[in-house]
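S.K.: Have a look at the structure that comes next, please.
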Amino acid sequence: MATYTEKVMEHFRNPKNMGDMPDSDGVGEVGNPSCGDVMKVFIKVKDGRIADIKFQTFGCVAAVATSSMVTELAKGKTLDDAMKLTRADVAESLGGLPPIKMHCSNLAADALHEAVKDYRKKTDEA
Amino acid sequence: MTSMNVYLDNSATTKVDPAVVEAMLPFFTERFGNPSSIHSKGVEAREAVEVARGQVARLINAKPSEIIFTSGGTEGDNLAIVGAVKAAHASDSSKNAVVCSNVEHPAVLNPCKDLAASGFSFFEAKVSASGILELAEAQKHISSKTALASIMLANNEVGTIQPVTAVAKLCHENGALMHTDAVQAVGKIPIDVKKLDVDLLSLASHKFHGPKGVGALYIREGVKIKPIFGGGGHERGLRSGTENVPGIVGLGKAAEIARENLSADIEKMGKLRDRLIDGLSVLPRAFLNGDRNQRLPNNVNYRFLGVEGEALITLLDEAGICASTGSACSSKKLRASHVLTALGLADWEAHGSLRLTLSRFTTKDEIDYALEQIPQAVNTLRRMSPVWAKLEAGEKIEDVKDGHVH
């Protein structure tokens, strides 16, 4: 098993903002069940900022922890700032990830970006 | 129930029996001689090695002269496969093929692949959905060109027991040798090399309460193998290197204890295994991997859809339970277990598999604690899983076979 930082374990044990959001303004889903990682991020947008955020994740310890962390980092941010959050920011905020987990299990930032894009697409269409 | 420490990963390794440790101790500091030395210190070490050889031979109904000591299962498998294939090919150049099943341990698969890279033909026979190698499938691959077939006696992940005797018969009809990796089977099912009719059998001490770093290879009288190490010609010239005397003594003692306790152990572990299987079967979308009947008495392997293995193992570890998984994320590989996918499981299903393996020291209280904790951990992960949400909504999960590149 990979060795995780205490911060990773905290987020794994007590994930923040976990759950469904039926009335979301944008949803992003990334990953591949074959790889053992699927992440879904839901956002609620108010005045150009992420007012609420939730995630659902199927995946390893790192996948759950990065999902939880990205929701914490994104909450309250403007959509532009949320788009600037990177995988590296998420890993860094968790005190680092084992090298093998940097790729497949560190998709939470991508899921967030997809959710923002989904929101923008919907609002553009509206 | 209060927190407990429950070790259910006995197919990875086992606790050394205290009686084994006691038997080994004098061979570190008092009886430390080299068995090749002529003086009395050497003689007492040689005697101890030969006692152990007898103990291992009795466990599998072989002659002591048919046992050589190795560093463990991996070395035994490599020596048996590479050594026997090269010897067979040297005496008859038409013998140029090697056969194994697609659920073998890497210690068998990789030497077979190495032989293939050096010009031998290599065939992998496929197991059925329950993990059993059907004879008709073995027949497709074993021919007069086969030098050796290697079929494990019992699988390390799903505990499936293979029809080794029938495959051995097929080998012998074709003038081929038969090797079996019995690493997981020792101490869990009766092993008799005469009944199995195998030419080579490898075993590892640490899987049945002996120390790590020592094992044995049974080589039927008259079967030729080429050594893979060059050296001083120990172990009848087949395995050079000064004997690991304390380890060998420990292996011998563990073999003796395994033989004496075998029927009681089988009954005890079998009952607890069934309790565990029955207890887990009440979970929704939970399925037993492997065959229900042709199965080691100490193996349970369940898949819980919508859950990823490493996360499950970690939650269980926090609850004091040591288990293992068929998930990619548990190891350095990024692929689902080749054994579980050989059973026809999709990668995403294989990722949610949990292996629980018992030993003679496992208790009913430990199993009941596991039965309390596992459903909690599975439910915790399912509550956060979008895959579980999709399954609950009746959606189909597709395996995306585009590799693992994001």
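Residue names in the structure tokens use chain letters A, B, ... in the order shown, residue numbers from 1 in each chain, and ligand numbers from 1 in the order shown.
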As a list in words, which residues of range 34-109 of chain A does DSSP assign to alpha helix (DSSP H)?

M.R.: Val61, Ala62, Ala63, Val64, Ala65, Thr66, Ser67, Ser68, Met69, Val70, Thr71, Glu72, Leu73, Ala74, Leu79, Asp80, Asp81, Ala82, Met83, Lys84, Arg87, Ala88, Asp89, Val90, Ala91, Glu92, Ser93, Ala108 and Ala109 of chain A

S.K.: Can those selected residues be exported to a file as a PDB file, in the first residue's frame so that it contains C-alpha atoms?

M.R.:
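Writing done, so here's result19.pdb:
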ATOM      1  CA  VAL A  61      -7.444   6.746  -0.675  1.00  0.00           C
ATOM      2  CA  ALA A  62      -5.688   9.399  -2.784  1.00  0.00           C
ATOM      3  CA  ALA A  63      -8.712   9.773  -5.047  1.00  0.00           C
ATOM      4  CA  VAL A  64     -11.015  10.427  -2.088  1.00  0.00           C
ATOM      5  CA  ALA A  65      -8.561  12.780  -0.360  1.00  0.00           C
ATOM      6  CA  THR A  66      -7.869  14.863  -3.481  1.00  0.00           C
ATOM      7  CA  SER A  67     -11.604  15.158  -4.145  1.00  0.00           C
ATOM      8  CA  SER A  68     -12.234  16.338  -0.626  1.00  0.00           C
ATOM      9  CA  MET A  69      -9.321  18.796  -0.803  1.00  0.00           C
ATOM     10  CA  VAL A  70     -10.342  20.296  -4.131  1.00  0.00           C
ATOM     11  CA  THR A  71     -13.802  21.068  -2.791  1.00  0.00           C
ATOM     12  CA  GLU A  72     -12.236  22.837   0.191  1.00  0.00           C
ATOM     13  CA  LEU A  73      -9.887  24.826  -2.049  1.00  0.00           C
ATOM     14  CA  ALA A  74     -12.598  25.783  -4.537  1.00  0.00           C
ATOM     15  CA  LEU A  79     -14.952  30.639 -11.367  1.00  0.00           C
ATOM     16  CA  ASP A  80     -11.799  32.066 -12.930  1.00  0.00           C
ATOM     17  CA  ASP A  81      -9.780  31.289  -9.824  1.00  0.00           C
ATOM     18  CA  ALA A  82     -11.281  27.823  -9.637  1.00  0.00           C
ATOM     19  CA  MET A  83     -10.139  27.202 -13.210  1.00  0.00           C
ATOM     20  CA  LYS A  84      -6.606  28.117 -12.128  1.00  0.00           C
ATOM     21  CA  ARG A  87      -3.508  19.076  -9.728  1.00  0.00           C
ATOM     22  CA  ALA A  88      -0.213  20.215  -8.197  1.00  0.00           C
ATOM     23  CA  ASP A  89      -2.056  22.694  -5.917  1.00  0.00           C
ATOM     24  CA  VAL A  90      -4.257  19.870  -4.656  1.00  0.00           C
ATOM     25  CA  ALA A  91      -1.332  17.493  -4.073  1.00  0.00           C
ATOM     26  CA  GLU A  92       0.641  20.243  -2.342  1.00  0.00           C
ATOM     27  CA  SER A  93      -2.233  21.151  -0.018  1.00  0.00           C
ATOM     28  CA  ALA A 108     -10.021  16.120  -8.735  1.00  0.00           C
ATOM     29  CA  ALA A 109      -8.871  19.467 -10.198  1.00  0.00           C
TER      30      ALA A 109
END

S.K.: Using CA of Glu256 in chain B and CA of Pro18 in chain B as the two end points, give the distance in Å to one decimal.

M.R.: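 Separation of CA of Glu256 in chain B and CA of Pro18 in chain B: 13.6 Å.
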
S.K.: For chain A against chain B, which residues fall within 12 Å using only C-alpha atoms, given as a PyMOL selection string?

M.R.: chain A and resi 1-4+8-10+12-21+28-42+54-65+67-68+98-107+110

S.K.: Between B:Glu260, B:Glu221, B:Glu157, B:Glu134, which has the minimum distance to Gly187 in chain B (counting only C-alpha atoms)?

M.R.: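 Closest candidate: B:Glu260.
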
S.K.: So how far away is CA of Ala45 in chain B from CA of Ser65 in chain B, in Å?

M.R.: 17.4 Å

S.K.: Among range 3-74 of chain A, which residues carry a DSSP assignment of strand (DSSP E), reported as a PyMOL selection string?

M.R.: chain A and resi 26-32+37-46+49-58

S.K.: Can you write out the residues you just picked, keeping N, CA and C atoms, as a PDB file, in the first residue's frame?

M.R.:
ATOM      1  N   GLY A  26     -23.641  23.077 -12.101  1.00  0.00           N
ATOM      2  CA  GLY A  26     -22.665  22.482 -13.017  1.00  0.00           C
ATOM      3  C   GLY A  26     -22.140  21.187 -12.447  1.00  0.00           C
ATOM      4  N   VAL A  27     -21.888  20.211 -13.329  1.00  0.00           N
ATOM      5  CA  VAL A  27     -21.368  18.901 -12.900  1.00  0.00           C
ATOM      6  C   VAL A  27     -20.178  18.539 -13.772  1.00  0.00           C
ATOM      7  N   GLY A  28     -19.127  18.040 -13.157  1.00  0.00           N
ATOM      8  CA  GLY A  28     -17.977  17.539 -13.916  1.00  0.00           C
ATOM      9  C   GLY A  28     -17.667  16.122 -13.492  1.00  0.00           C
ATOM     10  N   GLU A  29     -17.479  15.249 -14.463  1.00  0.00           N
ATOM     11  CA  GLU A  29     -17.119  13.868 -14.125  1.00  0.00           C
ATOM     12  C   GLU A  29     -15.894  13.486 -14.929  1.00  0.00           C
ATOM     13  N   VAL A  30     -14.891  12.959 -14.244  1.00  0.00           N
ATOM     14  CA  VAL A  30     -13.679  12.497 -14.937  1.00  0.00           C
ATOM     15  C   VAL A  30     -13.292  11.125 -14.391  1.00  0.00           C
ATOM     16  N   GLY A  31     -12.346  10.496 -15.103  1.00  0.00           N
ATOM     17  CA  GLY A  31     -11.838   9.199 -14.649  1.00  0.00           C
ATOM     18  C   GLY A  31     -12.376   8.062 -15.472  1.00  0.00           C
ATOM     19  N   ASN A  32     -12.049   6.887 -15.029  1.00  0.00           N
ATOM     20  CA  ASN A  32     -12.363   5.696 -15.784  1.00  0.00           C
ATOM     21  C   ASN A  32     -12.526   4.559 -14.781  1.00  0.00           C
ATOM     22  N   ASP A  37     -10.862   4.700 -10.735  1.00  0.00           N
ATOM     23  CA  ASP A  37     -11.036   6.087 -10.299  1.00  0.00           C
ATOM     24  C   ASP A  37     -12.123   6.790 -11.113  1.00  0.00           C
ATOM     25  N   VAL A  38     -13.188   7.212 -10.440  1.00  0.00           N
ATOM     26  CA  VAL A  38     -14.183   8.068 -11.080  1.00  0.00           C
ATOM     27  C   VAL A  38     -14.501   9.179 -10.093  1.00  0.00           C
ATOM     28  N   MET A  39     -14.388  10.437 -10.551  1.00  0.00           N
ATOM     29  CA  MET A  39     -14.683  11.564  -9.661  1.00  0.00           C
ATOM     30  C   MET A  39     -15.729  12.457 -10.292  1.00  0.00           C
ATOM     31  N   LYS A  40     -16.653  12.864  -9.441  1.00  0.00           N
ATOM     32  CA  LYS A  40     -17.744  13.720  -9.894  1.00  0.00           C
ATOM     33  C   LYS A  40     -17.785  14.924  -8.961  1.00  0.00           C
ATOM     34  N   VAL A  41     -17.791  16.138  -9.550  1.00  0.00           N
ATOM     35  CA  VAL A  41     -17.866  17.359  -8.739  1.00  0.00           C
ATOM     36  C   VAL A  41     -19.117  18.140  -9.148  1.00  0.00           C
ATOM     37  N   PHE A  42     -19.882  18.570  -8.140  1.00  0.00           N
ATOM     38  CA  PHE A  42     -21.102  19.362  -8.361  1.00  0.00           C
ATOM     39  C   PHE A  42     -20.868  20.767  -7.811  1.00  0.00           C
ATOM     40  N   ILE A  43     -21.263  21.797  -8.562  1.00  0.00           N
ATOM     41  CA  ILE A  43     -21.116  23.158  -8.020  1.00  0.00           C
ATOM     42  C   ILE A  43     -22.436  23.939  -8.081  1.00  0.00           C
ATOM     43  N   LYS A  44     -22.545  24.837  -7.126  1.00  0.00           N
ATOM     44  CA  LYS A  44     -23.655  25.791  -7.070  1.00  0.00           C
ATOM     45  C   LYS A  44     -22.979  27.167  -7.196  1.00  0.00           C
ATOM     46  N   VAL A  45     -23.421  27.976  -8.156  1.00  0.00           N
ATOM     47  CA  VAL A  45     -22.733  29.242  -8.427  1.00  0.00           C
ATOM     48  C   VAL A  45     -23.628  30.425  -8.039  1.00  0.00           C
ATOM     49  N   LYS A  46     -22.999  31.397  -7.342  1.00  0.00           N
ATOM     50  CA  LYS A  46     -23.734  32.611  -6.965  1.00  0.00           C
ATOM     51  C   LYS A  46     -22.804  33.798  -7.151  1.00  0.00           C
ATOM     52  N   ARG A  49     -19.227  33.192  -8.110  1.00  0.00           N
ATOM     53  CA  ARG A  49     -18.389  32.416  -7.186  1.00  0.00           C
ATOM     54  C   ARG A  49     -19.013  31.059  -6.906  1.00  0.00           C
ATOM     55  N   ILE A  50     -18.147  30.122  -6.473  1.00  0.00           N
ATOM     56  CA  ILE A  50     -18.639  28.790  -6.107  1.00  0.00           C
ATOM     57  C   ILE A  50     -19.229  28.885  -4.700  1.00  0.00           C
ATOM     58  N   ALA A  51     -20.549  28.907  -4.642  1.00  0.00           N
ATOM     59  CA  ALA A  51     -21.237  29.088  -3.364  1.00  0.00           C
ATOM     60  C   ALA A  51     -21.318  27.775  -2.602  1.00  0.00           C
ATOM     61  N   ASP A  52     -21.461  26.668  -3.332  1.00  0.00           N
ATOM     62  CA  ASP A  52     -21.497  25.354  -2.679  1.00  0.00           C
ATOM     63  C   ASP A  52     -20.875  24.347  -3.630  1.00  0.00           C
ATOM     64  N   ILE A  53     -20.307  23.302  -3.046  1.00  0.00           N
ATOM     65  CA  ILE A  53     -19.615  22.298  -3.860  1.00  0.00           C
ATOM     66  C   ILE A  53     -19.708  20.943  -3.169  1.00  0.00           C
ATOM     67  N   LYS A  54     -19.912  19.903  -3.962  1.00  0.00           N
ATOM     68  CA  LYS A  54     -19.978  18.531  -3.408  1.00  0.00           C
ATOM     69  C   LYS A  54     -19.213  17.610  -4.355  1.00  0.00           C
ATOM     70  N   PHE A  55     -18.795  16.472  -3.803  1.00  0.00           N
ATOM     71  CA  PHE A  55     -18.153  15.499  -4.686  1.00  0.00           C
ATOM     72  C   PHE A  55     -18.643  14.095  -4.387  1.00  0.00           C
ATOM     73  N   GLN A  56     -18.498  13.223  -5.395  1.00  0.00           N
ATOM     74  CA  GLN A  56     -18.671  11.773  -5.227  1.00  0.00           C
ATOM     75  C   GLN A  56     -17.456  11.128  -5.880  1.00  0.00           C
ATOM     76  N   THR A  57     -16.857  10.178  -5.197  1.00  0.00           N
ATOM     77  CA  THR A  57     -15.672   9.534  -5.755  1.00  0.00           C
ATOM     78  C   THR A  57     -15.695   8.033  -5.543  1.00  0.00           C
ATOM     79  N   PHE A  58     -15.359   7.310  -6.616  1.00  0.00           N
ATOM     80  CA  PHE A  58     -15.082   5.874  -6.569  1.00  0.00           C
ATOM     81  C   PHE A  58     -13.588   5.793  -6.805  1.00  0.00           C
TER      82      PHE A  58
END

S.K.: Could you work out how far CA of Gly73 in chain B lies from CA of Thr325 in chain B, giving the answer in Å with one decimal?

M.R.: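 These two atoms are separated by 20.8 Å.
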
S.K.: Can you tell me, as a list in words, what residues are no more than 9 Å from Lys188 in chain B when counting only C-alpha atoms, ignoring any on the same chain fewer than 6 positions away?

M.R.: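 What passes the distance filter is Phe208, Ala258, Leu262, Ser263, Asp265, Ile266, Met269, Leu296, Pro297, Asn298 and Ser359 of chain B.
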
S.K.: Once you have the residues from the selection above, write them out as a PDB file, in the first residue's frame, restricted to N, CA and C atoms.

M.R.:
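selection.pdb, freshly written:
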ATOM      1  N   PHE B 208       3.098 -21.331   5.728  1.00  0.00           N
ATOM      2  CA  PHE B 208       2.482 -22.228   6.713  1.00  0.00           C
ATOM      3  C   PHE B 208       3.214 -22.156   8.058  1.00  0.00           C
ATOM      4  N   ALA B 258       2.408 -28.833  10.448  1.00  0.00           N
ATOM      5  CA  ALA B 258       1.337 -28.786   9.443  1.00  0.00           C
ATOM      6  C   ALA B 258       0.779 -30.192   9.196  1.00  0.00           C
ATOM      7  N   LEU B 262      -3.089 -31.233  10.163  1.00  0.00           N
ATOM      8  CA  LEU B 262      -3.774 -30.949   8.906  1.00  0.00           C
ATOM      9  C   LEU B 262      -5.288 -31.155   8.965  1.00  0.00           C
ATOM     10  N   SER B 263      -5.737 -32.339   9.430  1.00  0.00           N
ATOM     11  CA  SER B 263      -7.196 -32.549   9.362  1.00  0.00           C
ATOM     12  C   SER B 263      -7.938 -31.602  10.298  1.00  0.00           C
ATOM     13  N   ASP B 265      -6.929 -28.619  11.217  1.00  0.00           N
ATOM     14  CA  ASP B 265      -6.831 -27.271  10.632  1.00  0.00           C
ATOM     15  C   ASP B 265      -7.834 -27.093   9.503  1.00  0.00           C
ATOM     16  N   ILE B 266      -7.934 -28.112   8.647  1.00  0.00           N
ATOM     17  CA  ILE B 266      -8.856 -28.026   7.506  1.00  0.00           C
ATOM     18  C   ILE B 266     -10.282 -27.836   8.014  1.00  0.00           C
ATOM     19  N   MET B 269     -10.558 -24.207   9.821  1.00  0.00           N
ATOM     20  CA  MET B 269     -10.522 -23.081   8.882  1.00  0.00           C
ATOM     21  C   MET B 269     -11.726 -23.116   7.946  1.00  0.00           C
ATOM     22  N   LEU B 296      -9.660 -23.548  -1.406  1.00  0.00           N
ATOM     23  CA  LEU B 296      -8.900 -23.740  -0.175  1.00  0.00           C
ATOM     24  C   LEU B 296      -9.786 -23.422   1.034  1.00  0.00           C
ATOM     25  N   PRO B 297      -9.601 -24.161   2.130  1.00  0.00           N
ATOM     26  CA  PRO B 297     -10.447 -23.906   3.308  1.00  0.00           C
ATOM     27  C   PRO B 297     -10.142 -22.576   3.994  1.00  0.00           C
ATOM     28  N   ASN B 298      -9.086 -21.879   3.552  1.00  0.00           N
ATOM     29  CA  ASN B 298      -8.749 -20.623   4.235  1.00  0.00           C
ATOM     30  C   ASN B 298      -8.954 -19.394   3.362  1.00  0.00           C
ATOM     31  N   SER B 359      -5.886 -18.568   8.889  1.00  0.00           N
ATOM     32  CA  SER B 359      -4.847 -19.527   9.268  1.00  0.00           C
ATOM     33  C   SER B 359      -5.386 -20.377  10.408  1.00  0.00           C
TER      34      SER B 359
END

S.K.: Neighbours of range 144-150 of chain B within 8 Å (only C-alpha atoms; same-chain residues fewer than 5 positions away dropped), as number ranges by chain?

M.R.: B: 81, 84-85, 88-89, 94-101, 108, 171, 174-181
